[in-house]
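Chemist: Please find structure_34.cif (mmCIF, C-alpha atoms and all ligand atoms) on the next line:
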```
data_work
#
loop_
_atom_site.label_atom_id
_atom_site.label_comp_id
_atom_site.auth_asym_id
_atom_site.auth_seq_id
_atom_site.Cartn_x
_atom_site.Cartn_y
_atom_site.Cartn_z
CA MET H 1 23.25 6.76 6.97
CA ASN H 2 23.11 3.30 5.41
CA LEU H 3 19.47 2.58 4.96
CA ILE H 4 16.07 4.15 4.46
CA ALA H 5 13.02 1.98 5.21
CA VAL H 6 9.93 2.61 3.07
CA ASP H 7 6.85 0.72 4.24
CA GLY H 8 3.13 1.00 3.61
CA PRO H 9 0.08 -0.73 2.14
CA GLY H 10 -0.41 -1.69 -1.53
CA GLY H 11 -0.88 1.21 -3.91
CA ALA H 12 0.57 3.81 -1.52
CA GLY H 13 3.46 4.37 -3.95
CA LYS H 14 6.23 2.40 -2.22
CA SER H 15 7.77 0.86 -5.30
CA THR H 16 7.80 3.90 -7.55
CA VAL H 17 8.90 6.23 -4.77
CA SER H 18 11.60 4.00 -3.34
CA ARG H 19 13.07 3.28 -6.78
CA LYS H 20 13.14 6.96 -7.70
CA LEU H 21 14.57 7.87 -4.32
CA ALA H 22 17.38 5.34 -4.70
CA GLU H 23 18.10 6.64 -8.20
CA ARG H 24 18.12 10.24 -6.98
CA LEU H 25 20.57 9.45 -4.19
CA GLY H 26 22.72 6.98 -6.14
CA TRP H 27 21.78 4.30 -3.60
CA LEU H 28 20.71 0.70 -4.16
CA HIS H 29 17.10 -0.42 -3.93
CA LEU H 30 15.76 -3.63 -2.39
CA ASP H 31 12.21 -4.79 -3.12
CA THR H 32 11.42 -7.18 -0.27
CA GLY H 33 7.94 -7.93 -1.64
CA ALA H 34 9.68 -9.63 -4.58
CA TYR H 35 11.22 -12.12 -2.11
CA TYR H 36 7.78 -13.12 -0.82
CA ARG H 37 6.51 -13.32 -4.38
CA ALA H 38 9.44 -15.52 -5.49
CA ALA H 39 8.92 -17.80 -2.47
CA THR H 40 5.23 -17.99 -3.40
CA LEU H 41 6.09 -18.91 -6.98
CA ALA H 42 8.34 -21.71 -5.74
CA ALA H 43 5.61 -23.02 -3.41
CA LEU H 44 3.04 -22.92 -6.23
CA ARG H 45 5.41 -24.77 -8.55
CA ALA H 46 6.04 -27.38 -5.87
CA GLY H 47 2.29 -27.82 -5.50
CA VAL H 48 2.29 -27.61 -1.69
CA ASP H 49 -0.68 -26.43 0.38
CA LEU H 50 0.02 -22.72 0.84
CA GLU H 51 -1.95 -22.62 4.09
CA ASP H 52 0.31 -25.30 5.60
CA GLU H 53 3.31 -23.55 7.13
CA ASP H 54 5.39 -26.74 7.49
CA GLU H 55 4.93 -27.64 3.83
CA VAL H 56 5.74 -24.12 2.63
CA LEU H 57 8.76 -23.96 4.92
CA GLU H 58 10.16 -27.21 3.49
CA VAL H 59 10.20 -25.54 0.07
CA VAL H 60 11.34 -22.07 1.14
CA LYS H 61 14.25 -23.11 3.33
CA LEU H 62 15.98 -24.67 0.32
CA LEU H 63 15.68 -21.55 -1.84
CA ARG H 64 18.38 -19.09 -2.75
CA LEU H 65 16.61 -15.75 -3.00
CA ARG H 66 18.48 -12.69 -4.13
CA GLN H 67 18.15 -9.55 -6.11
CA GLU H 68 20.73 -8.62 -8.71
CA HIS H 69 20.74 -5.55 -10.93
CA GLY H 70 17.08 -5.06 -10.11
CA LEU H 71 16.14 -8.62 -11.11
CA MET H 72 14.68 -11.09 -8.65
CA LEU H 73 16.56 -14.38 -8.76
CA LEU H 74 15.07 -17.65 -7.54
CA ASN H 75 17.89 -20.20 -7.35
CA GLY H 76 19.63 -18.14 -10.02
CA GLU H 77 16.60 -17.98 -12.34
CA ALA H 78 15.28 -14.49 -13.17
CA VAL H 79 11.60 -14.51 -12.17
CA SER H 80 10.82 -10.77 -12.11
CA GLU H 81 8.03 -11.08 -14.64
CA GLU H 82 6.52 -14.32 -13.45
CA ILE H 83 6.17 -13.08 -9.88
CA ARG H 84 3.87 -10.26 -11.08
CA SER H 85 1.23 -12.72 -12.33
CA ALA H 86 -2.27 -12.52 -10.85
CA GLU H 87 -1.85 -16.03 -9.42
CA VAL H 88 1.32 -15.17 -7.48
CA THR H 89 -0.07 -11.80 -6.39
CA ALA H 90 -3.19 -13.43 -4.96
CA ALA H 91 -1.26 -16.17 -3.16
CA ALA H 92 1.64 -14.11 -1.74
CA SER H 93 -0.17 -12.82 1.33
CA THR H 94 -0.90 -16.43 2.41
CA VAL H 95 2.79 -17.34 2.19
CA ALA H 96 3.85 -14.05 3.83
CA ALA H 97 1.64 -14.80 6.85
CA HIS H 98 3.83 -17.72 8.02
CA GLY H 99 6.25 -16.58 10.72
CA ARG H 100 8.90 -19.26 10.21
CA VAL H 101 8.82 -18.74 6.46
CA ARG H 102 9.31 -15.01 7.04
CA ALA H 103 12.32 -15.71 9.24
CA VAL H 104 14.06 -17.59 6.39
CA ILE H 105 13.27 -14.81 3.93
CA VAL H 106 14.23 -11.96 6.27
CA ARG H 107 17.64 -13.58 6.87
CA GLN H 108 18.34 -13.46 3.12
CA GLN H 109 17.20 -9.83 2.90
CA ARG H 110 19.50 -8.80 5.76
CA GLN H 111 22.40 -10.71 4.22
CA TRP H 112 21.87 -8.92 0.93
CA VAL H 113 22.00 -5.51 2.57
CA ALA H 114 25.03 -6.47 4.69
CA GLY H 115 26.88 -7.50 1.52
CA GLN H 116 26.53 -4.12 -0.20
CA LYS H 117 29.05 -1.31 -0.13
CA GLN H 118 26.45 1.32 -0.95
CA PRO H 119 23.53 2.46 1.19
CA VAL H 120 20.12 1.03 0.36
CA VAL H 121 16.48 2.10 0.14
CA VAL H 122 14.51 -0.93 1.34
CA GLU H 123 10.80 -1.19 0.62
CA GLY H 124 8.32 -3.54 2.25
CA ARG H 125 5.80 -3.87 5.05
CA ASP H 126 7.93 -4.71 8.09
CA ILE H 127 11.26 -3.05 7.30
CA GLY H 128 11.03 -0.33 9.95
CA THR H 129 9.48 -2.64 12.56
CA VAL H 130 11.28 -5.98 12.12
CA VAL H 131 13.86 -6.29 9.35
CA PHE H 132 15.84 -3.11 10.08
CA PRO H 133 14.38 -1.62 13.26
CA ALA H 134 17.54 0.50 13.70
CA ALA H 135 17.06 2.28 10.34
CA GLU H 136 17.73 5.97 10.87
CA LEU H 137 14.97 7.07 8.53
CA LYS H 138 11.66 5.22 8.32
CA ILE H 139 8.93 6.34 5.99
CA TRP H 140 5.38 5.01 6.10
CA LEU H 141 3.59 5.84 2.85
CA GLU H 142 -0.18 5.91 2.82
CA ALA H 143 -2.95 7.06 0.48
CA SER H 144 -6.74 7.00 0.49
CA GLU H 145 -8.27 3.68 -0.41
CA SER H 146 -9.87 5.02 -3.60
CA GLU H 147 -6.56 6.46 -4.77
CA ARG H 148 -4.73 3.21 -4.03
CA VAL H 149 -7.37 1.31 -6.02
CA ARG H 150 -7.08 3.78 -8.89
CA ARG H 151 -3.29 3.40 -9.03
CA ARG H 152 -3.36 -0.38 -8.82
CA ALA H 153 -5.96 -0.54 -11.62
CA GLU H 154 -3.80 1.70 -13.79
CA GLU H 155 -0.74 -0.43 -13.06
CA THR H 156 -2.36 -3.80 -13.76
CA GLY H 157 -4.86 -2.80 -16.46
CA GLN H 158 -7.68 -4.44 -14.47
CA PRO H 159 -11.01 -2.68 -13.84
CA GLU H 160 -11.22 -0.78 -10.53
CA GLU H 161 -14.10 -2.94 -9.26
CA GLU H 162 -11.91 -6.01 -9.61
CA VAL H 163 -8.89 -4.42 -7.95
CA GLU H 164 -10.87 -3.01 -5.04
CA GLY H 165 -11.82 -6.29 -3.35
CA ASP H 166 -8.41 -7.88 -3.91
CA LEU H 167 -6.47 -4.91 -2.57
CA ALA H 168 -8.65 -4.64 0.53
CA ARG H 169 -8.41 -8.38 1.18
CA ARG H 170 -4.61 -8.45 0.84
CA ASP H 171 -4.11 -5.32 2.94
CA HIS H 172 -6.32 -6.79 5.63
CA ALA H 173 -4.37 -10.07 5.54
CA ASP H 174 -1.00 -8.25 5.70
CA ALA H 175 -2.08 -5.91 8.51
CA SER H 176 -3.88 -8.45 10.68
CA ARG H 177 -1.48 -11.41 10.54
CA ALA H 178 0.22 -12.42 13.79
CA ALA H 179 3.74 -12.53 12.29
CA SER H 180 5.23 -9.08 11.57
CA PRO H 181 1.97 -7.36 10.66
CA SER H 182 2.23 -4.50 8.21
CA ARG H 183 2.18 -1.35 10.35
CA PRO H 184 4.16 1.86 10.82
CA ALA H 185 7.07 1.76 13.29
CA ALA H 186 6.60 4.10 16.26
CA ASP H 187 9.36 6.32 14.89
CA ALA H 188 8.24 6.24 11.24
CA ILE H 189 7.37 9.44 9.42
CA ARG H 190 3.95 9.10 7.83
CA LEU H 191 3.50 10.58 4.41
CA ASP H 192 0.10 10.74 2.73
CA THR H 193 0.65 10.50 -1.02
CA THR H 194 -3.03 10.78 -2.08
CA ASN H 195 -2.57 14.18 -3.66
CA LEU H 196 1.16 14.12 -4.33
CA GLY H 197 3.03 13.13 -7.47
CA VAL H 198 6.02 10.80 -7.27
CA GLU H 199 8.55 13.61 -7.67
CA ALA H 200 6.95 15.59 -4.84
CA VAL H 201 7.05 12.59 -2.50
CA VAL H 202 10.70 11.90 -3.36
CA ALA H 203 11.55 15.57 -2.83
CA ARG H 204 9.95 15.52 0.64
CA ILE H 205 11.96 12.48 1.66
CA VAL H 206 15.18 13.98 0.29
CA GLN H 207 14.50 17.08 2.41
CA MET H 208 14.48 14.89 5.52
CA LEU H 209 18.05 13.77 4.88
CA PRO H 210 21.17 15.47 6.18
CA VAL H 211 22.72 17.50 3.38
CA ASP H 212 25.90 15.37 3.17
CA GLU H 213 23.75 12.31 2.36
CA VAL H 214 22.13 14.06 -0.57
CA PHE H 215 25.47 15.00 -2.10
CA ARG H 216 27.49 11.96 -1.13
CA PRO H 217 29.86 11.06 -4.01
CA PRO H 218 29.18 7.68 -5.65
CA VAL H 219 31.17 4.68 -4.34
O1 LIG A 301 4.74 -5.33 -2.08
P1 LIG A 301 4.27 -6.60 -2.80
O2 LIG A 301 2.86 -6.50 -3.34
O3 LIG A 301 5.23 -7.04 -3.86
O4 LIG A 301 4.26 -7.74 -1.68
C1 LIG A 301 3.88 -9.06 -1.96
C2 LIG A 301 3.33 -9.72 -0.69
O5 LIG A 301 4.34 -9.86 0.31
C3 LIG A 301 2.19 -8.93 -0.02
O6 LIG A 301 1.22 -9.86 0.46
C4 LIG A 301 2.85 -8.27 1.16
C5 LIG A 301 3.97 -9.22 1.51
N1 LIG A 301 5.16 -8.53 2.04
C6 LIG A 301 5.45 -8.72 3.37
O7 LIG A 301 4.70 -9.39 4.08
N2 LIG A 301 6.57 -8.15 3.88
C7 LIG A 301 7.38 -7.40 3.12
N3 LIG A 301 8.47 -6.86 3.66
C8 LIG A 301 7.08 -7.19 1.76
C9 LIG A 301 5.94 -7.76 1.25
#
```
Written as structure tokens, that's how I'd like the structure from this file.
Modeler:
Amino acid sequence: MNLIAVDGPGGAGKSTVSRKLAERLGWLHLDTGAYYRAATLAALRAGVDLEDEDEVLEVVKLLRLRQEHGLMLLNGEAVSEEIRSAEVTAAASTVAAHGRVRAVIVRQQRQWVAGQKQPVVVEGRDIGTVVFPAAELKIWLEASESERVRRRAEETGQPEEEVEGDLARRDHADASRAASPSRPAADAIRLDTTNLGVEAVVARIVQMLPVDEVFRPPV
């Protein structure tokens, strides 16, 4: 097995779970949301109209996006912190809705995975459906809306009332867009994390793996 796809809406636990899972297995981890965030940062810096796909594409097609040692690099510049800003977070779903922009970004994500010697846990929204539809294990993480709001508020330090509207709006935008909408692949295993801790979720996923994957020696 070379790849596990972990998809799901915001606050379902994708990032924490997929990072821990990769650590547990000695695999690499790819955060595809960081690519959309970095592309959004570049578009904001360039001052283009984010709703205009042609303008955004002009910026994005010239970018070198890659992840190295867990850092997101935008043309070689580490932007991991900057892409977590409220401004980038709010704008990313607009950029991620453009199909031709996605195509440019997805190509760089596939190239990254193809260039690795180790297997990878890839987290996102469209990994099981579009980016790696042949992934042997696809997990769709979900959680109740109130729990997802609670987690996001804890993570960002914002009040729940503020988080609630934003999360719902972004999830709706991600799930209803025409290009690669966020949804579970037909063969994804759905895991409700509302009442489960991170370790318990990771343990359940590990149990789904063939035993030789769990004890594979490091490369
Ligand atoms: O997971 P995240 O919050 O870092 O994602 C940022 C934005 O990118 C969010 O609007 C969802 C979108 N995204 C996407 O469309 N496809 C992915 N594979 C990952 C994220």
Chemist: Residues up to 8 Å from ligand LIG 301 (chain A), counting only C-alpha atoms and all ligand atoms: could you list those as a ChimeraX atom specification?
Modeler: /H:7,9-10,14-15,31-37,89-97,102,123-127,131,170-171,173-174,180-182
Chemist: Using atom CA of H:Glu161 and atom CA of H:Val149 as the two end points, give the distance in Å to one decimal.
Modeler: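 These atoms are spaced 8.6 Å apart.
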Chemist: Quick one: everything within 7 Å of H:Ile83, counting only C-alpha atoms, minus sequence neighbours fewer than 4 positions away in the same chain. Send it as a ChimeraX atom specification.
Modeler: /H:37-38,41,79,88
Chemist: Tell me, in Å to one decimal, how far atom CA of H:Ala78 is from atom CA of H:Glu53.
Modeler: 25.2 Å
Chemist: May I have the residues within 9 Å of H:Ile205 as a PyMOL selection string, using all atoms listed in the file and disregarding those fewer than 5 positions away in the same chain?
Modeler: chain H and resi 21+139+200
Chemist: Please provide the set of residues having any atom within 9 Å of H:Arg190, restricted to all atoms listed in the file, with same-chain residues fewer than 3 positions apart removed, written as a PyMOL selection string.
Modeler: chain H and resi 138-142+184
Chemist: Between H:Val6, H:Val121, H:Ile189, H:Leu167, which has the minimum distance to H:Leu25 (counting only C-alpha atoms)?
Modeler: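 Of the candidates, the smallest distance to H:Leu25 is held by H:Val121.
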Chemist: Measuring between only C-alpha atoms, which one of H:Leu65, H:Leu73, H:Ala179, H:Val59 shows the shortest distance to H:Gln111?
Modeler: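 Once distances to H:Gln111 are computed over only C-alpha atoms, the minimum belongs to H:Leu65.
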Chemist: Go through H:Glu147, H:Thr16, H:Arg84, H:Val101 one by one, measure the shortest atom-to-atom distance of each to H:Val198 using all atoms listed in the file, and give the residue with the smallest value.
Modeler: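 Looking at the shortest contact to H:Val198, the residue is H:Thr16.
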Chemist: Which of these residues is nearest to H:Gly11, using all atoms listed in the file: H:Val113, H:Ala168, H:Val56, H:Ala43?
Modeler: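 For H:Gly11, the nearest of the given residues is H:Ala168.
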Chemist: Looking at all atoms listed in the file, which of H:Ser146, H:Glu136, H:Ala185, H:Leu28 is the one that sits closest to H:Gly115?
Modeler: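 Among the listed residues, H:Leu28 lies closest to H:Gly115.
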Chemist: Using only C-alpha atoms, pick whichever of H:Gly47, H:Ala22, H:Ala39, H:His98 has the shortest atom-to-atom distance to H:Asn75.
Modeler: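 Nearest candidate to H:Asn75 out of H:Gly47, H:Ala22, H:Ala39, H:His98: H:Ala39.
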Chemist: Identify, on the basis of only C-alpha atoms, every residue whose closest approach to H:Lys117 does not exceed 10 Å; exclude the query and any residue fewer than 3 positions from it along the same chain; express the result as a PDB file with C-alpha atoms, in the frame of the given file.
Modeler:
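Final file, around06.pdb:
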```pdb
ATOM      1  CA  ASN H   2      23.110   3.300   5.410  1.00  0.00           C
ATOM      2  CA  TRP H  27      21.780   4.300  -3.600  1.00  0.00           C
ATOM      3  CA  LEU H  28      20.710   0.700  -4.160  1.00  0.00           C
ATOM      4  CA  VAL H 113      22.000  -5.510   2.570  1.00  0.00           C
ATOM      5  CA  ALA H 114      25.030  -6.470   4.690  1.00  0.00           C
ATOM      6  CA  VAL H 120      20.120   1.030   0.360  1.00  0.00           C
ATOM      7  CA  VAL H 219      31.170   4.680  -4.340  1.00  0.00           C
TER       8      VAL H 219
END
```
Chemist: Rounded to one decimal place, report the atom CA of H:Glu23-atom CA of H:Asn195 distance in Å.
Modeler: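 Atom-to-atom, atom CA of H:Glu23 to atom CA of H:Asn195, that is 22.5 Å.
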Chemist: Excluding same-chain residues fewer than 3 positions from H:Val202, what lies within 9 Å of it counting all atoms listed in the file, as a list in words?
Modeler: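 Using all atoms listed in the file, the neighbours found are Val17, Ser18, Lys20, Leu21, Arg24, Gly197, Val198, Glu199, Ile205, Val206 and Gln207 of chain H.
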